[in-house]
$ cat input31.cif   # mmCIF, C-alpha atoms and all ligand atoms
data_upload
loop_
_atom_site.label_atom_id
_atom_site.label_comp_id
_atom_site.auth_asym_id
_atom_site.auth_seq_id
_atom_site.Cartn_x
_atom_site.Cartn_y
_atom_site.Cartn_z
CA MET A 1417 59.58 8.84 -20.45
CA ALA A 1418 57.90 10.12 -17.32
CA LEU A 1419 56.77 7.83 -14.53
CA GLU A 1420 52.98 8.11 -14.52
CA ARG A 1421 49.96 6.73 -12.73
CA THR A 1422 46.74 5.97 -14.54
CA PHE A 1423 43.30 4.71 -13.63
CA ALA A 1424 41.94 1.45 -15.02
CA ILE A 1425 38.58 -0.33 -14.77
CA VAL A 1426 37.69 -3.87 -15.68
CA LYS A 1427 34.08 -3.16 -16.67
CA PRO A 1428 31.07 -5.29 -15.64
CA ASP A 1429 31.05 -7.35 -18.86
CA ALA A 1430 34.63 -8.52 -18.42
CA VAL A 1431 34.17 -9.18 -14.69
CA LYS A 1432 31.04 -11.25 -15.35
CA ASP A 1433 32.76 -13.15 -18.17
CA GLY A 1434 35.65 -14.08 -15.88
CA HIS A 1435 38.42 -12.07 -17.57
CA VAL A 1436 39.85 -10.25 -14.53
CA GLY A 1437 42.76 -12.67 -14.25
CA GLU A 1438 43.71 -12.45 -17.92
CA ILE A 1439 43.56 -8.65 -17.82
CA ILE A 1440 45.75 -8.51 -14.72
CA THR A 1441 48.20 -10.90 -16.41
CA ALA A 1442 48.38 -8.58 -19.43
CA ILE A 1443 49.09 -5.63 -17.11
CA GLU A 1444 51.83 -7.51 -15.26
CA GLN A 1445 53.40 -8.66 -18.53
CA SER A 1446 53.42 -5.05 -19.77
CA GLY A 1447 55.78 -4.12 -16.94
CA MET A 1448 53.36 -1.73 -15.23
CA ALA A 1449 52.92 -2.01 -11.48
CA ILE A 1450 49.50 -2.32 -9.83
CA ARG A 1451 49.57 0.27 -7.04
CA GLY A 1452 45.91 -0.04 -6.01
CA LEU A 1453 43.11 -2.50 -6.70
CA LYS A 1454 39.53 -3.01 -5.54
CA ARG A 1455 36.20 -4.50 -6.54
CA VAL A 1456 33.31 -2.04 -6.38
CA GLN A 1457 29.62 -1.89 -7.29
CA LEU A 1458 29.03 1.50 -8.91
CA THR A 1459 25.79 3.43 -8.37
CA PRO A 1460 24.16 5.83 -10.85
CA ALA A 1461 25.27 8.85 -8.80
CA ILE A 1462 28.87 7.67 -8.58
CA CYS A 1463 28.83 6.88 -12.30
CA LYS A 1464 27.59 10.38 -13.18
CA GLY A 1465 30.43 11.96 -11.22
CA PHE A 1466 33.00 9.71 -12.83
CA TYR A 1467 31.72 10.19 -16.39
CA HIS A 1468 30.83 13.89 -15.90
CA GLU A 1469 32.16 14.76 -19.38
CA HIS A 1470 29.69 12.30 -20.95
CA VAL A 1471 26.54 12.90 -18.86
CA SER A 1472 24.93 15.14 -21.48
CA LYS A 1473 25.64 12.78 -24.39
CA GLY A 1474 23.10 10.55 -26.11
CA PHE A 1475 24.83 7.33 -25.10
CA TYR A 1476 25.14 8.25 -21.40
CA GLN A 1477 22.08 6.41 -19.99
CA GLU A 1478 23.09 3.20 -21.74
CA LEU A 1479 26.63 3.67 -20.42
CA GLU A 1480 25.36 4.17 -16.85
CA ASP A 1481 23.05 1.12 -17.08
CA PHE A 1482 26.02 -0.95 -18.24
CA MET A 1483 28.51 0.35 -15.69
CA THR A 1484 26.10 -0.29 -12.80
CA GLU A 1485 24.81 -3.71 -13.90
CA GLY A 1486 27.42 -5.58 -11.86
CA PRO A 1487 30.70 -5.13 -10.02
CA VAL A 1488 33.80 -3.62 -11.58
CA VAL A 1489 37.45 -4.06 -10.66
CA MET A 1490 39.40 -0.81 -10.54
CA MET A 1491 43.14 -0.28 -10.44
CA CYS A 1492 45.87 2.30 -10.18
CA LEU A 1493 48.62 1.41 -12.66
CA GLU A 1494 52.09 2.90 -12.57
CA GLY A 1495 54.93 2.88 -15.06
CA ASP A 1496 56.86 4.88 -17.64
CA GLY A 1497 54.23 6.48 -19.88
CA ALA A 1498 51.52 4.44 -18.14
CA ILE A 1499 48.60 6.54 -19.46
CA LEU A 1500 49.34 5.85 -23.13
CA LYS A 1501 50.66 2.36 -22.39
CA TRP A 1502 47.36 1.31 -20.80
CA ARG A 1503 45.35 2.95 -23.60
CA ASP A 1504 47.44 1.00 -26.13
CA LEU A 1505 46.93 -2.25 -24.22
CA MET A 1506 43.15 -1.64 -24.19
CA GLY A 1507 42.86 -0.71 -27.87
CA ALA A 1508 40.29 1.53 -29.56
CA THR A 1509 37.00 2.43 -27.85
CA ASN A 1510 35.09 0.39 -30.43
CA PRO A 1511 36.38 -3.21 -30.29
CA ALA A 1512 35.63 -3.50 -34.02
CA ASN A 1513 38.39 -0.93 -34.63
CA ALA A 1514 40.81 -2.24 -31.99
CA GLU A 1515 44.13 -3.83 -32.94
CA GLY A 1516 44.41 -7.60 -32.67
CA GLY A 1517 45.56 -8.75 -29.25
CA THR A 1518 44.29 -5.67 -27.44
CA LEU A 1519 42.00 -6.18 -24.45
CA ARG A 1520 38.99 -4.57 -26.09
CA LYS A 1521 39.46 -6.73 -29.20
CA ARG A 1522 39.81 -9.84 -27.03
CA PHE A 1523 37.03 -9.18 -24.53
CA GLY A 1524 34.80 -6.34 -25.80
CA ALA A 1525 31.52 -6.91 -27.63
CA ASN A 1526 30.74 -3.46 -29.05
CA ILE A 1527 31.44 0.26 -28.57
CA GLY A 1528 29.42 0.32 -25.33
CA ARG A 1529 30.35 -3.01 -23.79
CA ASN A 1530 34.07 -2.73 -24.32
CA ALA A 1531 35.58 -4.49 -21.29
CA THR A 1532 37.94 -1.82 -19.94
CA HIS A 1533 38.38 1.86 -19.08
CA GLY A 1534 41.55 3.92 -19.05
CA SER A 1535 42.27 7.58 -18.33
CA ASP A 1536 42.92 9.55 -21.51
CA LYS A 1537 45.33 12.21 -20.17
CA PRO A 1538 47.21 13.22 -17.00
CA GLU A 1539 44.42 15.52 -15.76
CA SER A 1540 41.84 12.74 -16.15
CA ALA A 1541 44.10 10.23 -14.41
CA ALA A 1542 44.57 12.57 -11.43
CA PHE A 1543 40.83 13.22 -11.16
CA GLU A 1544 39.77 9.59 -11.61
CA LEU A 1545 42.33 8.21 -9.15
CA SER A 1546 41.35 10.73 -6.48
CA TYR A 1547 37.64 10.11 -7.18
CA PHE A 1548 37.94 6.40 -6.37
CA PHE A 1549 41.03 5.86 -4.20
CA ASN A 1550 42.07 7.17 -0.82
CA ALA A 1551 45.76 7.86 -0.34
CA PHE A 1552 46.16 4.86 2.00
CA GLU A 1553 44.85 2.53 -0.72
CA LEU A 1554 47.68 3.44 -3.10
CA GLY A 1555 50.99 1.85 -2.18
N1 LIG A 1601 30.54 4.85 -25.28
C1 LIG A 1601 29.37 4.42 -25.88
N2 LIG A 1601 29.03 4.93 -27.13
C2 LIG A 1601 29.80 5.84 -27.76
C3 LIG A 1601 30.98 6.29 -27.15
C4 LIG A 1601 31.33 5.78 -25.92
O1 LIG A 1601 28.66 3.60 -25.31
O2 LIG A 1601 29.43 6.26 -28.88
C5 LIG A 1601 30.92 4.32 -23.95
C6 LIG A 1601 32.04 3.29 -24.03
O3 LIG A 1601 31.82 2.32 -23.01
C7 LIG A 1601 33.27 4.14 -23.73
C8 LIG A 1601 32.72 5.13 -22.70
O4 LIG A 1601 31.39 5.39 -23.14
O5 LIG A 1601 34.34 3.36 -23.23
C9 LIG A 1601 33.49 6.43 -22.59
O6 LIG A 1601 33.62 7.00 -23.88
P1 LIG A 1601 35.01 7.62 -24.36
O7 LIG A 1601 34.74 8.35 -25.63
O8 LIG A 1601 35.62 8.40 -23.23
O9 LIG A 1601 35.89 6.34 -24.71
P2 LIG A 1601 37.14 5.68 -23.93
O10 LIG A 1601 37.95 6.81 -23.34
O11 LIG A 1601 36.55 4.76 -22.89
O12 LIG A 1601 37.88 4.94 -25.00
MG MG A 1602 37.37 8.38 -22.17
#
$ encode --input "input31.cif" --output "structure tokens"
Amino acid sequence: MALERTFAIVKPDAVKDGHVGEIITAIEQSGMAIRGLKRVQLTPAICKGFYHEHVSKGFYQELEDFMTEGPVVMMCLEGDGAILKWRDLMGATNPANAEGGTLRKRFGANIGRNATHGSDKPESAAFELSYFFNAFELG
């Protein structure tokens, strides 16, 4: 399997609820390496650029309100097949459909407030990592 980097966010709900440590523990136990990490307060403009593929959708304003309601913790994760590995660790977008033990099942409330973000493919990972991290922030 190819060594990959992916982009992860602990969303405002999970930060506020005090789940950053448990999510980082799950990442470390998965064998992936954290190559970058920071806590950031998103703004509406930054959120629109990040979620550009969703801006025209009906749920976008609610998503932006949620993603800007408090700080997030964002990470660059690296490992063999890291993109799919992180998506598997998160579980389905809707926590109601997520497998038991996944982060969204454990910490998500509903399809909007679902605790974590993960890139869905290599092109998204490359865009999202470069959108939020400078080269010197990724070790
Ligand atoms: N979302 C939502 N309603 C929907 C679909 C998505 O509020 O019907 C939110 C949810 O927070 C999700 C994010 O928008 O994580 C991005 O949606 P996407 O379909 O890309 O899901 P993901 O890749 O995060 O699983
Ligand atoms: Mg997505």
$ residues_around --input "input31.cif" --residues "A:Ala1512" --least-positions-apart "4" --cutoff "9 Å" --atoms "all atoms listed in the file" --output "list in words"
Ala1508, Arg1520, Lys1521, Gly1524, Ala1525, Asn1526 and Ile1527 of chain A
$ atom_distance --input "input31.cif" --atom1 "atom CA of A:Ser1535" --atom2 "atom CA of A:Asn1513"
18.8 Å
$ closest_residue --input "input31.cif" --among "A:Pro1460, A:Gly1528, A:Gly1517, A:Gly1555" --to "ligand MG 1602 (chain A)" --atoms "only C-alpha atoms and all ligand atoms"
A:Gly1528
$ residues_near_ligand --input "input31.cif" --ligand "ligand MG 1602 (chain A)" --cutoff "8 Å" --atoms "all atoms listed in the file" --output "JSON list (two decimals) with C-alpha atoms, keeping the file's coordinate frame"
[["chain", "number", "residue", "atom", "x", "y", "z"],
["A", 1533, "HIS", "CA", 38.38, 1.86, -19.08],
["A", 1534, "GLY", "CA", 41.55, 3.92, -19.05],
["A", 1535, "SER", "CA", 42.27, 7.58, -18.33],
["A", 1536, "ASP", "CA", 42.92, 9.55, -21.51]]
$ closest_atom_pairs --input "input31.cif" --of "stretch 1446-1474 of chain A" --to "stretch 1494-1503 of chain A" --cutoff "9 Å" --atoms "all atoms listed in the file" --output "Markdown table"
| residue | atom | partner | partner_atom | distance |
| --- | --- | --- | --- | --- |
| A:Ser1446 | CA | A:Lys1501 | CA | 8.3 |
| A:Gly1447 | CA | A:Gly1495 | CA | 7.3 |
| A:Met1448 | CA | A:Gly1495 | CA | 4.9 |
| A:Ala1449 | CA | A:Glu1494 | CA | 5.1 |
| A:Ile1450 | CA | A:Glu1494 | CA | 6.4 |
| A:Arg1451 | CA | A:Glu1494 | CA | 6.6 |
$ write_last_selection --input "input31.cif" --atoms "C-alpha atoms" --output "compact mmCIF listing (two decimals), in the coordinates of the input"
# COMPACT_ATOMS: atom_id res chain seq x y z
CA SER A 1446 53.42 -5.05 -19.77
CA GLY A 1447 55.78 -4.12 -16.94
CA MET A 1448 53.36 -1.73 -15.23
CA ALA A 1449 52.92 -2.01 -11.48
CA ILE A 1450 49.50 -2.32 -9.83
CA ARG A 1451 49.57 0.27 -7.04
$ residues_near_ligand --input "input31.cif" --ligand "ligand LIG 1601 (chain A)" --cutoff "10 Å" --atoms "only C-alpha atoms and all ligand atoms" --output "PDB file with C-alpha atoms, keeping the file's coordinate frame"
ATOM      1  CA  ILE A1425      38.580  -0.330 -14.770  1.00  0.00           C
ATOM      2  CA  LYS A1427      34.080  -3.160 -16.670  1.00  0.00           C
ATOM      3  CA  TYR A1467      31.720  10.190 -16.390  1.00  0.00           C
ATOM      4  CA  GLU A1469      32.160  14.760 -19.380  1.00  0.00           C
ATOM      5  CA  HIS A1470      29.690  12.300 -20.950  1.00  0.00           C
ATOM      6  CA  VAL A1471      26.540  12.900 -18.860  1.00  0.00           C
ATOM      7  CA  LYS A1473      25.640  12.780 -24.390  1.00  0.00           C
ATOM      8  CA  GLY A1474      23.100  10.550 -26.110  1.00  0.00           C
ATOM      9  CA  PHE A1475      24.830   7.330 -25.100  1.00  0.00           C
ATOM     10  CA  TYR A1476      25.140   8.250 -21.400  1.00  0.00           C
ATOM     11  CA  GLN A1477      22.080   6.410 -19.990  1.00  0.00           C
ATOM     12  CA  GLU A1478      23.090   3.200 -21.740  1.00  0.00           C
ATOM     13  CA  LEU A1479      26.630   3.670 -20.420  1.00  0.00           C
ATOM     14  CA  GLU A1480      25.360   4.170 -16.850  1.00  0.00           C
ATOM     15  CA  PHE A1482      26.020  -0.950 -18.240  1.00  0.00           C
ATOM     16  CA  MET A1483      28.510   0.350 -15.690  1.00  0.00           C
ATOM     17  CA  ARG A1503      45.350   2.950 -23.600  1.00  0.00           C
ATOM     18  CA  MET A1506      43.150  -1.640 -24.190  1.00  0.00           C
ATOM     19  CA  GLY A1507      42.860  -0.710 -27.870  1.00  0.00           C
ATOM     20  CA  ALA A1508      40.290   1.530 -29.560  1.00  0.00           C
ATOM     21  CA  THR A1509      37.000   2.430 -27.850  1.00  0.00           C
ATOM     22  CA  ASN A1510      35.090   0.390 -30.430  1.00  0.00           C
ATOM     23  CA  PRO A1511      36.380  -3.210 -30.290  1.00  0.00           C
ATOM     24  CA  ARG A1520      38.990  -4.570 -26.090  1.00  0.00           C
ATOM     25  CA  GLY A1524      34.800  -6.340 -25.800  1.00  0.00           C
ATOM     26  CA  ASN A1526      30.740  -3.460 -29.050  1.00  0.00           C
ATOM     27  CA  ILE A1527      31.440   0.260 -28.570  1.00  0.00           C
ATOM     28  CA  GLY A1528      29.420   0.320 -25.330  1.00  0.00           C
ATOM     29  CA  ARG A1529      30.350  -3.010 -23.790  1.00  0.00           C
ATOM     30  CA  ASN A1530      34.070  -2.730 -24.320  1.00  0.00           C
ATOM     31  CA  ALA A1531      35.580  -4.490 -21.290  1.00  0.00           C
ATOM     32  CA  THR A1532      37.940  -1.820 -19.940  1.00  0.00           C
ATOM     33  CA  HIS A1533      38.380   1.860 -19.080  1.00  0.00           C
ATOM     34  CA  GLY A1534      41.550   3.920 -19.050  1.00  0.00           C
ATOM     35  CA  SER A1535      42.270   7.580 -18.330  1.00  0.00           C
ATOM     36  CA  ASP A1536      42.920   9.550 -21.510  1.00  0.00           C
ATOM     37  CA  LYS A1537      45.330  12.210 -20.170  1.00  0.00           C
TER      38      LYS A1537
END
$ atom_distance --input "input31.cif" --atom1 "atom CA of A:Asp1481" --atom2 "atom CA of A:Arg1455"
17.8 Å
$ residues_around --input "input31.cif" --residues "A:Leu1458" --least-positions-apart "6" --cutoff "8 Å" --atoms "all atoms listed in the file" --output "number ranges by chain"
A: 1483-1484, 1486-1488
$ write_last_selection --input "input31.cif" --atoms "C-alpha atoms" --output "PDB file, in the frame of the given file"
ATOM      1  CA  MET A1483      28.510   0.350 -15.690  1.00  0.00           C
ATOM      2  CA  THR A1484      26.100  -0.290 -12.800  1.00  0.00           C
ATOM      3  CA  GLY A1486      27.420  -5.580 -11.860  1.00  0.00           C
ATOM      4  CA  PRO A1487      30.700  -5.130 -10.020  1.00  0.00           C
ATOM      5  CA  VAL A1488      33.800  -3.620 -11.580  1.00  0.00           C
TER       6      VAL A1488
END
$ atom_distance --input "input31.cif" --atom1 "atom CA of A:Asn1550" --atom2 "atom CA of A:Val1456"
13.9 Å
$ closest_residue --input "input31.cif" --among "A:Ala1418, A:Ser1546, A:Leu1505, A:Ser1540" --to "A:Arg1522" --atoms "all atoms listed in the file"
A:Leu1505
$ residues_around --input "input31.cif" --residues "A:Leu1453" --least-positions-apart "5" --cutoff "7 Å" --atoms "all atoms listed in the file" --output "number ranges by chain"
A: 1490-1492
$ closest_residue --input "input31.cif" --among "A:Ala1430, A:Ile1439, A:Ala1551, A:Val1489" --to "A:Lys1454" --atoms "only C-alpha atoms"
A:Val1489
$ closest_residue --input "input31.cif" --among "A:Leu1554, A:Ala1514, A:Phe1548, A:Glu1485" --to "A:Ile1462" --atoms "all atoms listed in the file"
A:Phe1548
